[in-house]
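This is data_9.txt. It holds compact mmCIF, C-alpha atoms.
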```txt
# COMPACT_ATOMS: atom_id res chain seq x y z
CA GLY A 732 23.12 28.68 17.08
CA THR A 733 24.86 31.85 15.97
CA PHE A 734 24.77 33.96 12.83
CA GLN A 735 26.90 36.70 11.35
CA CYS A 736 25.73 40.03 10.00
CA ALA A 737 27.00 43.56 9.58
CA GLU A 738 26.73 45.82 12.62
CA LYS A 739 24.51 48.24 10.69
CA GLU A 740 22.08 45.43 9.82
CA MET A 741 22.07 44.14 13.39
CA LEU A 742 21.34 47.58 14.86
CA ALA A 743 18.59 48.16 12.29
CA ALA A 744 17.00 44.82 13.25
CA LEU A 745 17.24 45.65 16.97
CA SER A 746 15.58 48.98 16.28
CA PHE A 747 12.81 47.31 14.27
CA LEU A 748 12.19 44.90 17.18
CA LYS A 749 12.20 47.87 19.61
CA ALA A 750 14.90 46.23 21.71
CA LEU A 751 15.72 47.96 24.99
CA ARG A 752 19.23 49.43 25.10
CA SER A 753 20.79 49.48 28.57
CA THR A 754 22.50 52.78 29.38
CA ASN A 755 23.67 52.11 32.93
CA THR A 756 26.81 50.25 31.95
CA LYS A 757 30.32 51.25 30.97
CA GLU A 758 30.68 48.09 28.96
CA GLN A 759 29.54 47.52 25.38
CA ALA A 760 25.89 48.45 24.83
CA ARG A 761 23.48 45.70 25.85
CA TYR A 762 20.09 45.04 24.30
CA SER A 763 17.21 43.04 25.70
CA TYR A 764 13.55 42.35 25.04
CA LEU A 765 11.02 44.56 26.79
CA SER A 766 7.68 42.83 27.25
CA GLU A 767 4.52 44.54 26.09
CA GLU A 768 2.98 45.34 29.49
CA PRO A 769 5.74 47.55 30.96
CA GLN A 770 6.24 49.21 27.57
CA GLN A 771 2.54 50.04 27.26
CA ASP A 772 2.28 51.18 30.90
CA THR A 773 5.30 53.44 30.48
CA THR A 774 4.04 54.85 27.18
CA ASN A 775 0.68 55.62 28.77
CA ALA A 776 2.48 57.37 31.66
CA ILE A 777 4.49 59.44 29.16
CA LEU A 778 1.30 60.44 27.36
CA ALA A 779 -0.33 61.38 30.66
CA VAL A 780 2.59 63.63 31.62
CA ILE A 781 2.67 65.26 28.16
CA THR A 782 -1.06 65.95 28.37
CA GLU A 783 -0.89 67.27 31.94
CA HIS A 784 2.11 69.58 31.55
CA THR A 785 0.84 71.91 28.86
CA GLU A 786 3.47 74.48 29.86
CA TRP A 787 6.20 72.37 28.21
CA ASN A 788 7.04 72.68 24.54
CA ILE A 789 6.56 69.16 23.19
CA HIS A 790 9.47 69.70 20.81
CA ALA A 791 11.90 70.61 23.63
CA ILE A 792 10.94 69.07 26.97
CA PRO A 793 13.60 68.97 29.73
CA ARG A 794 14.45 65.26 29.78
CA LYS A 795 15.51 64.86 33.42
CA GLU A 796 12.47 66.68 34.80
CA PHE A 797 10.18 64.84 32.41
CA CYS A 798 11.62 61.42 33.34
CA ASN A 799 11.13 62.17 37.03
CA GLU A 800 7.45 62.93 36.44
CA VAL A 801 6.98 59.71 34.45
CA LEU A 802 8.83 57.64 37.08
CA LYS A 803 6.42 58.86 39.75
CA ILE A 804 3.71 56.99 37.84
CA VAL A 805 5.44 53.87 36.56
CA VAL A 806 7.42 52.82 39.65
CA LYS A 807 4.28 52.37 41.74
CA GLY A 808 3.73 48.65 42.19
CA GLU A 809 6.39 47.75 39.63
CA ASP A 810 8.84 45.97 41.95
CA SER A 811 8.78 42.95 39.64
CA TRP A 812 10.38 44.80 36.71
CA ILE A 813 13.62 43.19 35.61
CA HIS A 814 14.83 46.35 33.84
CA ASP A 815 15.98 49.66 35.28
CA PRO A 816 12.84 51.87 35.22
CA LEU A 817 14.85 54.85 33.97
CA ASP A 818 16.13 52.75 31.05
CA VAL A 819 12.54 51.81 30.23
CA VAL A 820 11.35 55.42 30.39
CA ASN A 821 14.18 56.65 28.15
CA HIS A 822 13.52 53.77 25.76
CA CYS A 823 9.83 54.64 25.43
CA ILE A 824 10.67 58.33 25.04
CA HIS A 825 13.00 57.34 22.20
CA LEU A 826 10.19 55.38 20.49
CA LEU A 827 8.04 58.53 20.52
CA SER A 828 10.79 60.95 19.54
CA VAL A 829 11.99 62.53 16.33
CA PRO A 830 14.29 59.94 14.71
CA SER A 831 18.00 60.19 15.39
CA THR A 832 20.81 58.14 13.87
CA ASP A 833 24.23 56.95 14.94
CA PRO A 834 26.73 58.85 12.73
CA GLU A 835 29.05 55.83 12.52
CA THR A 836 26.51 53.15 11.61
CA ASP A 837 23.67 55.31 10.20
CA ALA A 838 21.36 53.11 12.28
CA PRO A 839 18.60 54.44 14.56
CA ALA A 840 19.99 55.28 17.98
CA PRO A 841 18.58 56.70 21.21
CA THR A 842 19.58 60.25 21.96
CA SER A 843 21.47 61.29 25.09
CA SER A 844 20.29 64.89 24.76
CA ASP A 845 19.12 66.79 27.82
CA VAL A 846 16.00 67.66 25.83
CA ALA A 847 13.26 65.27 24.66
CA GLN A 848 11.96 66.15 21.21
CA PHE A 849 8.71 64.28 20.61
CA ASP A 850 7.40 63.42 17.15
CA MET A 851 3.80 64.64 16.94
CA GLU A 852 2.69 61.83 14.61
CA LYS A 853 4.14 59.17 16.91
CA VAL A 854 2.43 60.77 19.91
CA ALA A 855 -0.85 60.88 17.98
CA ILE A 856 -0.55 57.18 17.08
CA ALA A 857 0.27 56.23 20.68
CA LEU A 858 -2.74 58.20 21.94
CA ALA A 859 -4.93 56.39 19.40
CA HIS A 860 -3.71 53.02 20.68
CA GLU A 861 -4.47 54.13 24.25
CA LEU A 862 -7.99 55.23 23.31
CA PHE A 863 -8.76 52.00 21.47
CA THR A 864 -7.49 49.77 24.30
CA ARG A 865 -9.79 51.57 26.73
CA ASN A 866 -12.79 50.88 24.50
CA SER A 867 -13.86 47.29 25.12
CA THR A 868 -15.78 47.05 21.82
CA GLN A 869 -12.64 47.95 19.80
CA ARG A 870 -14.87 49.95 17.46
CA TRP A 871 -15.61 53.67 17.45
CA PRO A 872 -17.85 55.85 15.32
CA ARG A 873 -15.30 57.74 13.25
CA ASP A 874 -16.41 61.25 14.21
CA ALA A 875 -16.66 60.42 17.91
CA PHE A 876 -13.19 58.92 17.92
CA CYS A 877 -11.67 61.94 16.19
CA THR A 878 -13.29 64.31 18.67
CA GLU A 879 -11.87 62.41 21.66
CA TRP A 880 -8.50 61.92 19.96
CA HIS A 881 -8.04 65.59 19.10
CA LEU A 882 -8.99 66.66 22.62
CA LYS A 883 -6.17 64.52 24.00
CA MET A 884 -3.54 65.79 21.56
CA PRO A 885 -1.09 68.27 23.09
CA GLY A 886 -1.18 71.54 21.19
CA VAL A 887 -4.34 70.54 19.36
CA GLY A 888 -5.55 73.11 16.89
CA PRO A 889 -4.22 74.63 13.68
CA GLN A 890 -0.63 73.58 14.51
CA PHE A 891 -1.33 69.85 14.33
CA GLU A 892 -4.60 67.98 14.12
CA PRO A 893 -4.06 64.33 13.13
CA SER A 894 -6.23 62.72 10.49
CA VAL A 895 -7.69 59.23 10.40
CA GLU A 896 -5.46 58.48 7.40
CA LEU A 897 -2.50 58.50 9.79
CA LEU A 898 -3.97 55.47 11.61
CA LEU A 899 -4.79 53.65 8.37
CA GLN A 900 -1.31 54.22 6.95
CA HIS A 901 0.43 52.93 10.10
CA GLY A 902 -1.59 49.78 10.64
CA VAL A 903 -3.50 50.95 13.71
CA ALA A 904 -7.10 50.68 12.55
CA LEU A 905 -9.36 49.82 9.64
CA SER A 906 -12.10 52.00 8.24
CA THR A 907 -15.44 50.21 8.17
CA ILE A 908 -19.15 50.99 7.79
CA SER A 909 -21.57 50.48 10.66
CA ASN A 910 -24.83 48.59 10.19
CA ASP A 911 -26.52 51.45 12.03
CA THR A 912 -27.71 54.55 10.20
CA ASN A 913 -28.16 58.16 11.21
CA ASP A 914 -31.41 60.15 11.15
CA SER A 915 -30.98 60.68 7.41
CA GLY A 916 -30.70 56.94 6.80
CA GLU A 917 -26.99 57.12 5.96
CA SER A 918 -24.56 54.44 7.11
CA GLN A 919 -22.05 55.63 9.69
CA PRO A 920 -18.29 55.24 9.15
CA GLN A 921 -16.45 53.42 11.93
CA LEU A 922 -12.89 52.71 12.97
CA ARG A 923 -12.02 49.16 13.96
CA TYR A 924 -8.91 48.66 16.09
CA PHE A 925 -6.61 46.31 14.21
CA PRO A 926 -2.99 46.87 15.31
CA GLU A 927 -0.27 45.50 13.06
CA SER A 928 1.92 44.80 16.10
CA LYS A 929 -0.52 42.12 17.30
CA LEU A 930 -0.28 40.04 14.12
CA PRO A 931 1.93 36.91 13.83
CA LEU A 932 5.47 37.45 12.54
CA GLU A 933 5.36 34.41 10.22
CA SER A 934 4.11 35.54 6.81
CA LYS A 935 1.81 32.58 6.05
CA VAL A 936 -0.04 32.91 9.35
CA ARG A 937 -0.15 36.70 9.08
CA PHE A 938 -1.83 36.56 5.68
CA GLU A 939 -4.31 34.01 7.03
CA LYS A 940 -5.23 36.46 9.81
CA LEU A 941 -5.54 39.32 7.35
CA PHE A 942 -7.87 37.44 5.02
CA ALA A 943 -9.93 36.23 7.96
CA VAL A 944 -10.71 39.89 8.66
CA ARG A 945 -11.31 40.90 5.04
CA ASN A 946 -11.64 38.57 2.07
CA LYS A 947 -10.17 41.21 -0.23
CA TRP A 948 -7.93 44.21 0.33
CA ARG A 949 -6.90 47.34 -1.51
CA HIS A 950 -3.14 47.77 -1.84
CA ASP A 951 -2.95 50.89 0.34
CA ASP A 952 -4.91 49.20 3.15
CA LEU A 953 -2.86 46.01 2.99
CA GLU A 954 0.62 47.55 2.73
CA PRO A 955 1.10 48.63 6.39
CA TYR A 956 0.29 45.09 7.55
CA VAL A 957 2.71 43.45 5.11
CA ALA A 958 5.57 45.96 5.09
CA PRO A 959 7.13 44.69 8.38
CA LEU A 960 7.63 41.28 6.75
CA VAL A 961 10.02 42.92 4.28
CA VAL A 962 12.49 43.43 7.15
CA LEU A 963 11.76 40.12 8.87
CA GLU A 964 11.96 37.89 5.79
CA GLY A 965 14.28 39.87 3.55
CA LYS A 966 11.84 39.88 0.65
CA SER A 967 10.34 42.79 -1.23
CA LEU A 968 6.74 43.81 -0.78
CA ALA A 969 6.01 42.73 -4.35
CA GLU A 970 7.51 39.27 -3.71
CA LEU A 971 5.41 38.76 -0.59
CA LEU A 972 2.21 39.84 -2.31
CA LEU A 973 2.93 37.61 -5.29
CA LYS A 974 3.50 34.62 -3.03
CA HIS A 975 0.44 35.02 -0.83
CA THR A 976 -2.15 36.88 -2.91
CA VAL A 977 -3.79 37.07 -6.29
CA VAL A 978 -4.97 40.29 -7.91
CA THR A 979 -8.49 40.75 -9.22
CA LYS A 980 -10.39 43.73 -10.61
CA ASP A 981 -14.02 44.64 -10.24
CA GLU A 982 -16.31 46.34 -12.75
CA ASP A 983 -14.91 49.81 -12.14
CA ALA A 984 -11.31 48.50 -12.52
CA THR A 985 -10.52 48.75 -8.81
CA GLN A 986 -7.65 46.39 -8.00
CA TRP A 987 -8.11 43.95 -5.11
CA TYR A 988 -5.79 41.48 -3.37
CA GLN A 989 -7.31 38.14 -2.36
CA SER A 990 -5.85 35.09 -0.67
CA ARG A 991 -3.93 32.76 -2.98
CA ALA A 992 -4.53 29.89 -0.50
CA THR A 993 -8.31 29.93 -1.00
CA ARG A 994 -8.32 30.06 -4.79
```
For this file, produce the structure as structure tokens.
Amino acid sequence: GTFQCAEKEMLAALSFLKALRSTNTKEQARYSYLSEEPQQDTTNAILAVITEHTEWNIHAIPRKEFCNEVLKIVVKGEDSWIHDPLDVVNHCIHLLSVPSTDPETDAPAPTSSDVAQFDMEKVAIALAHELFTRNSTQRWPRDAFCTEWHLKMPGVGPQFEPSVELLLQHGVALSTISNDTNDSGESQPQLRYFPESKLPLESKVRFEKLFAVRNKWRHDDLEPYVAPLVVLEGKSLAELLLKHTVVTKDEDATQWYQSRATR
């Protein structure tokens, strides 16, 4: 079937879905789905090049030279790719870059600039994903993770040192408490890898997954995992929470969201 929508809405939806825009055509722009594996491999290659070439200013990297370095990594053994590798590299650079918009549609659009201007928060989040996926337990002691994470960040130091809150606010990980204790008998804070992008797109199933992980959620913890449904289902955050959750309060008046389906 077909459907009609405004161009601005369509481009916003394509951006939300991280659709790959083909640049090697003189015809109307074409968009296609880029599977997770080549996108993750290319993103990891981009991060490796950023980390290796400390002589480059992350806010103004020469795009052509940078792409060539990334292509040296990603084209090895990737004969089965159905997309142009350069398109994929530029697409993944765009996902990690400072946002740009199309002046006609006001929708997110990839830049054709000769310079790549990376967004430090997006790079930090991508590095966190890469660290978590290399850790088979999917859990890290909080302090140990931050030490490793900060060491990998380009330009780490007073200029930009990402905080754990960045990962919590963007649906990358959950803050938990370990059953183990330190020498002083104190419980150790942990980070559990729980990427929003891996959750089902259908709201009912997504909420089931969320409440299987935690039987009750604070609003700030829950929001990054529900917010994408606002775009997908065209409902407000409040409407989604009202439909799928009930609100309770504990003795100190802390507000919690619990599953409506189990009550």
Inset, instruction - Go through A:Ile908, A:Ala855, A:Ile792, A:Leu897 one by one, measure the shortest atom-to-atom distance of each to Leu882 in chain A using all atoms listed in the file, and give the residue with the smallest value. - result: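 Once distances to Leu882 in chain A are computed over all atoms listed in the file, the minimum belongs to A:Ala855.
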Legend entry - Top pick for closest residue to Tyr924 in chain A, considering A:Ser844, A:Asn946, A:Gln900, A:Gln869 and counting all atoms listed in the file: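 Selected residue with least distance to Tyr924 in chain A: A:Gln869.
Omitting Glu852 in chain A and its sequence neighbours fewer than 5 positions away, and counting only C-alpha atoms, the residues within 10 Å are Leu827, Ser828, Val829, Ala857, Leu858, Phe891, Glu892, Pro893, Ser894, Leu897 and Leu898 of chain A.
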Inset, instruction - Just give me the gap between CA of Ile789 in chain A and CA of Val820 in chain A in Å, one decimal is fine. - result: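 Separating CA of Ile789 in chain A from CA of Val820 in chain A is a distance of 16.2 Å.
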Inset, instruction - Please provide as JSON, numbers by chain all residues within 12 Å of range 774-784 of chain A, with the sequence filter that same-chain residues fewer than 6 positions apart are discarded (counting all atoms listed in the file). - result: {"A": [767, 768, 790, 791, 792, 793, 794, 796, 797, 798, 799, 800, 801, 802, 803, 804, 805, 806, 807, 819, 820, 821, 822, 823, 824, 825, 826, 827, 828, 847, 848, 849, 851, 853, 854, 855, 856, 857, 858, 859, 860, 861, 862, 864, 865, 880, 881, 882, 883, 884, 885, 886, 887]}
Would you save the residues from that selection as a compact mmCIF listing (two decimals), in the coordinates of the input, using C-alpha atoms?
```txt
# COMPACT_ATOMS: atom_id res chain seq x y z
CA GLU A 767 4.52 44.54 26.09
CA GLU A 768 2.98 45.34 29.49
CA HIS A 790 9.47 69.70 20.81
CA ALA A 791 11.90 70.61 23.63
CA ILE A 792 10.94 69.07 26.97
CA PRO A 793 13.60 68.97 29.73
CA ARG A 794 14.45 65.26 29.78
CA GLU A 796 12.47 66.68 34.80
CA PHE A 797 10.18 64.84 32.41
CA CYS A 798 11.62 61.42 33.34
CA ASN A 799 11.13 62.17 37.03
CA GLU A 800 7.45 62.93 36.44
CA VAL A 801 6.98 59.71 34.45
CA LEU A 802 8.83 57.64 37.08
CA LYS A 803 6.42 58.86 39.75
CA ILE A 804 3.71 56.99 37.84
CA VAL A 805 5.44 53.87 36.56
CA VAL A 806 7.42 52.82 39.65
CA LYS A 807 4.28 52.37 41.74
CA VAL A 819 12.54 51.81 30.23
CA VAL A 820 11.35 55.42 30.39
CA ASN A 821 14.18 56.65 28.15
CA HIS A 822 13.52 53.77 25.76
CA CYS A 823 9.83 54.64 25.43
CA ILE A 824 10.67 58.33 25.04
CA HIS A 825 13.00 57.34 22.20
CA LEU A 826 10.19 55.38 20.49
CA LEU A 827 8.04 58.53 20.52
CA SER A 828 10.79 60.95 19.54
CA ALA A 847 13.26 65.27 24.66
CA GLN A 848 11.96 66.15 21.21
CA PHE A 849 8.71 64.28 20.61
CA MET A 851 3.80 64.64 16.94
CA LYS A 853 4.14 59.17 16.91
CA VAL A 854 2.43 60.77 19.91
CA ALA A 855 -0.85 60.88 17.98
CA ILE A 856 -0.55 57.18 17.08
CA ALA A 857 0.27 56.23 20.68
CA LEU A 858 -2.74 58.20 21.94
CA ALA A 859 -4.93 56.39 19.40
CA HIS A 860 -3.71 53.02 20.68
CA GLU A 861 -4.47 54.13 24.25
CA LEU A 862 -7.99 55.23 23.31
CA THR A 864 -7.49 49.77 24.30
CA ARG A 865 -9.79 51.57 26.73
CA TRP A 880 -8.50 61.92 19.96
CA HIS A 881 -8.04 65.59 19.10
CA LEU A 882 -8.99 66.66 22.62
CA LYS A 883 -6.17 64.52 24.00
CA MET A 884 -3.54 65.79 21.56
CA PRO A 885 -1.09 68.27 23.09
CA GLY A 886 -1.18 71.54 21.19
CA VAL A 887 -4.34 70.54 19.36
```
Inset, instruction - For each of A:Cys877, A:Ala992, A:Val961, A:Leu953, take the minimum atom-to-atom distance to Pro920 in chain A, counting all atoms listed in the file, then give the residue where this is smallest. - result: A:Cys877
Inset, instruction - Could you check how far CA of Pro959 in chain A sits from CA of Ser867 in chain A, in Å to one decimal? - result: 27.0 Å
Inset, instruction - May I ask for the distance between CA of Gly965 in chain A and CA of Lys929 in chain A, given in Å to one decimal place? - result: 20.3 Å
Inset, instruction - List every protein, DNA or RNA residue that has at least one atom no more than 9 Å from (-2.5, 40.4, -8.5) in the file's coordinates, counting all atoms listed in the file, and write the result as number ranges by chain. - result: A: 972-973, 976-980, 986-989
Inset, instruction - Would you please work out which residue, of A:Glu964, A:Glu786, A:Glu917, A:Glu970, is nearest to Glu933 in chain A when using all atoms listed in the file? - result: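 The closest residue to Glu933 in chain A is A:Glu964.
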Return the padded bounding box of range 766-771 of chain A as lines of an AutoDock Vina configuration file: axis-aligned, built from all atoms listed in the file, 6 Å added on each side, with centre and edge lengths in Å to one decimal.
```
center_x = 5.1
center_y = 46.4
center_z = 28.5
size_x = 17.1
size_y = 19.2
size_z = 16.9
```
Find the spatial neighbours of Leu930 in chain A, counting all atoms listed in the file, within a cut-off of 10 Å - ignore same-chain residues fewer than 6 positions away - and output them as a short mmCIF file (atom, residue, chain, number, x, y, z; two decimals) with C-alpha atoms, in the frame of the given file.
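And here's around27.cif as it stands now:
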```cif
data_model
loop_
_atom_site.label_atom_id
_atom_site.label_comp_id
_atom_site.auth_asym_id
_atom_site.auth_seq_id
_atom_site.Cartn_x
_atom_site.Cartn_y
_atom_site.Cartn_z
CA VAL A 936 -0.04 32.91 9.35
CA ARG A 937 -0.15 36.70 9.08
CA PHE A 938 -1.83 36.56 5.68
CA LYS A 940 -5.23 36.46 9.81
CA LEU A 941 -5.54 39.32 7.35
CA TYR A 956 0.29 45.09 7.55
#
```
Legend entry - Proximity to Asp850 in chain A - best of A:Asn788, A:His950, A:Thr878, A:Asp981, all atoms listed in the file: A:Asn788
Legend entry - Nearest candidate to Pro926 in chain A (options A:Pro872, A:Ala904, A:Val895, A:Lys974; using all atoms listed in the file):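 Smallest separation from Pro926 in chain A among the options: A:Ala904.
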